[in-house]
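Presented below is the structure to which this report refers.
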Amino acid sequence: MGDIIHAIILGIVEGLTEFLPVSSSGHMILTNKLLGIASDDQAIVTFEIVIQLGAILAMAIVYWDRILDLFGLSRKQQSLGTLSSGRRKTSKLNLIHVALGIVPAMLLAFLLKDIIKGEGFNQTPVLISLVVGGIYMIAAERLQKSRRIKVVSETMDDISYKQALGIGLLQCLSLWPGFSRSGSTIAGGMLTGTSYKAAADFSFLMAIPIMVAATGYEMLDNYKFIEGDNLMFFIVGFLVSFVVAWLVIVLFLRFIQKVRLTHFAIYRFVLAALFWLFVMS
């Protein structure tokens, strides 16, 4: 199946790319190709599910207070953003916002699951989606920067139900492997009038239930591969993915204003070129 070094490399790639708008699926396909690993090997498919769970755990820890707050269990009644004063601010974001943001893509994914699995992960569609997704992100950022789209929601707590639904509908673009779930939702948020920071926060929070549902569903058919000689391979990949994802999320939120969507889009174009050279050739 692979050695521990491969587990570390794949765990790092997953942790680095899962929540950034650069397409983790595209990176995993390219990395598997460079390492000489068969992407359609069911044990590798299971391994990728496990390391996604590591990334989900990291995200859940970073957003733990907000998760509890959605259920009315958190003592910290304030948004993830900073408060200009020392006063407490009641969170306006609730489970309805999250549901509106995740149901459209989850429903469409269920209806199209056979098509996505059958054709979506072929190399050509992934390559094209890396480029198209990058163009989409640049367009969203430029439209907002030019003030053609006015920012009406500065923080995640300012997001309306209408905006949450709009983000959810645009998230359906991420069903095209290589497009990027975070890329489609962050850019989608900006297109509906949320700030870059608010869109990123909402995108990250929505990732938790979406990824738990998707990986949980896939694990039902693949858990049998986590045993015997493969066990250490899975453990190492899980731990590496968790640590790297936690660092990425914390650093991204800290430096979000310095790293714009256009920077990620340019990176996607470079990745597409690498994809062409090393995967398509």
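Please note that chains go A, B, ... in the order of the structure tokens, that every chain numbers its residues from 1, and that ligands are numbered from 1 in the order shown.
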Show me, as an mmCIF file with N, CA and C atoms, in the first residue's frame, the residues that have an atom within 8 Å of Pro177 in chain A when counting only C-alpha atoms, minus same-chain residues fewer than 3 positions from it.
data_model
loop_
_atom_site.group_PDB
_atom_site.id
_atom_site.type_symbol
_atom_site.label_atom_id
_atom_site.label_comp_id
_atom_site.auth_asym_id
_atom_site.auth_seq_id
_atom_site.Cartn_x
_atom_site.Cartn_y
_atom_site.Cartn_z
ATOM 1 N N SER A 23 -8.060 23.236 -4.120
ATOM 2 C CA SER A 23 -8.484 21.897 -4.539
ATOM 3 C C SER A 23 -7.624 20.786 -3.946
ATOM 4 N N SER A 25 -8.547 17.638 -3.870
ATOM 5 C CA SER A 25 -8.650 16.458 -4.736
ATOM 6 C C SER A 25 -7.623 16.524 -5.857
ATOM 7 N N GLY A 26 -7.452 17.715 -6.450
ATOM 8 C CA GLY A 26 -6.446 17.872 -7.496
ATOM 9 C C GLY A 26 -5.052 17.591 -6.978
ATOM 10 N N ILE A 116 -20.341 11.524 -10.572
ATOM 11 C CA ILE A 116 -19.142 12.137 -10.003
ATOM 12 C C ILE A 116 -18.042 11.104 -9.820
ATOM 13 N N GLY A 120 -15.986 12.197 -12.796
ATOM 14 C CA GLY A 120 -15.467 13.432 -12.226
ATOM 15 C C GLY A 120 -13.990 13.427 -11.895
ATOM 16 N N PHE A 121 -13.469 12.260 -11.501
ATOM 17 C CA PHE A 121 -12.072 12.211 -11.080
ATOM 18 C C PHE A 121 -11.122 11.832 -12.212
ATOM 19 N N PRO A 125 -11.184 16.476 -16.606
ATOM 20 C CA PRO A 125 -12.121 17.339 -15.886
ATOM 21 C C PRO A 125 -11.476 18.063 -14.706
ATOM 22 N N VAL A 126 -10.585 17.384 -13.981
ATOM 23 C CA VAL A 126 -9.915 18.008 -12.837
ATOM 24 C C VAL A 126 -9.022 19.147 -13.304
ATOM 25 N N SER A 129 -11.163 22.104 -14.289
ATOM 26 C CA SER A 129 -11.802 22.750 -13.141
ATOM 27 C C SER A 129 -10.823 23.576 -12.321
ATOM 28 N N SER A 174 -18.545 22.958 -6.388
ATOM 29 C CA SER A 174 -17.442 22.152 -5.851
ATOM 30 C C SER A 174 -17.634 20.664 -6.116
ATOM 31 N N SER A 180 -12.794 22.960 -5.942
ATOM 32 C CA SER A 180 -12.524 23.344 -4.558
ATOM 33 C C SER A 180 -13.780 23.792 -3.832
#
Inset, instruction - Write out as an NGL selection string which residues come within 12 Å of Gln42 in chain A when counting only C-alpha atoms, dropping same-chain ones fewer than 3 positions away. - result: :A and (1 or 37-39 or 45-49 or 218-219 or 221-226)
Inset, instruction - Mind checking which residues fall within 9 Å of Gly101 in chain A, counting only C-alpha atoms, ignoring those fewer than 5 positions away in the same chain, and posting them as number ranges by chain? - result: A: 96, 161, 163-169, 171, 185, 202-203, 206
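Here the question is which of A:Gln52, A:Gln123, A:Thr17, A:Ser184 gets nearest to Phe278 in chain A using only C-alpha atoms, and that residue is A:Gln123.
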Inset, instruction - Write out as a count of residues only which residues come within 8 Å of range 243-248 of chain A when counting only C-alpha atoms, dropping same-chain ones fewer than 3 positions away. - result: 16
Legend entry - Residue contacts of Leu130 in chain A (12 Å, only C-alpha atoms) excluding same-chain residues fewer than 2 positions away, as a ChimeraX atom specification: /A:21-27,123-128,132-137,173-174,176-181,183-184,264-276
Based on the selection just made, write C-alpha atoms of those residues as a compact mmCIF listing (two decimals), in the first residue's frame.
# COMPACT_ATOMS: atom_id res chain seq x y z
CA PRO A 21 -9.25 27.31 -2.12
CA VAL A 22 -6.73 25.28 -4.11
CA SER A 23 -8.48 21.90 -4.54
CA SER A 24 -7.38 19.08 -2.25
CA SER A 25 -8.65 16.46 -4.74
CA GLY A 26 -6.45 17.87 -7.50
CA HIS A 27 -3.46 17.85 -5.18
CA GLN A 123 -7.69 13.77 -15.20
CA THR A 124 -9.07 16.11 -17.87
CA PRO A 125 -12.12 17.34 -15.89
CA VAL A 126 -9.91 18.01 -12.84
CA LEU A 127 -7.40 19.94 -14.92
CA ILE A 128 -10.11 22.10 -16.49
CA VAL A 132 -12.10 27.53 -14.36
CA GLY A 133 -12.24 27.67 -10.56
CA GLY A 134 -9.29 30.05 -10.50
CA ILE A 135 -10.98 32.37 -13.00
CA TYR A 136 -14.18 32.25 -10.92
CA MET A 137 -12.28 33.28 -7.78
CA LEU A 173 -19.80 24.05 -8.17
CA SER A 174 -17.44 22.15 -5.85
CA TRP A 176 -16.82 19.25 -9.99
CA PRO A 177 -13.60 17.66 -8.63
CA GLY A 178 -10.75 20.14 -8.73
CA PHE A 179 -13.02 23.17 -8.35
CA SER A 180 -12.52 23.34 -4.56
CA ARG A 181 -15.26 23.46 -1.94
CA GLY A 183 -12.94 28.19 -3.27
CA SER A 184 -16.55 27.95 -4.44
CA PHE A 264 -4.71 31.23 -4.69
CA ALA A 265 -6.04 31.43 -8.25
CA ILE A 266 -2.54 32.02 -9.64
CA TYR A 267 -1.33 29.03 -7.64
CA ARG A 268 -4.14 26.94 -9.17
CA PHE A 269 -2.99 27.90 -12.66
CA VAL A 270 0.55 26.76 -11.76
CA LEU A 271 -0.86 23.52 -10.37
CA ALA A 272 -2.82 22.99 -13.59
CA ALA A 273 0.41 23.38 -15.56
CA LEU A 274 2.08 20.80 -13.32
CA PHE A 275 -0.95 18.59 -13.74
CA TRP A 276 -0.54 18.80 -17.49
Inset, instruction - Within 12 Å of Gln257 in chain A, counting only C-alpha atoms, which residues show up once you throw out same-chain ones fewer than 2 positions away? Write them as an MDAnalysis selection string, please. - result: chainID A and resid 195:198 200 251:255 259:263
Legend entry - Atom-to-atom span, CA of Met156 in chain A and CA of Thr194 in chain A, Å: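 Separation of CA of Met156 in chain A and CA of Thr194 in chain A: 8.1 Å.
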Inset, instruction - Have a look at CA of Val236 in chain A and CA of Ala7 in chain A and let me know their distance in Å, one decimal. - result: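 Those two atoms sit 6.3 Å apart.
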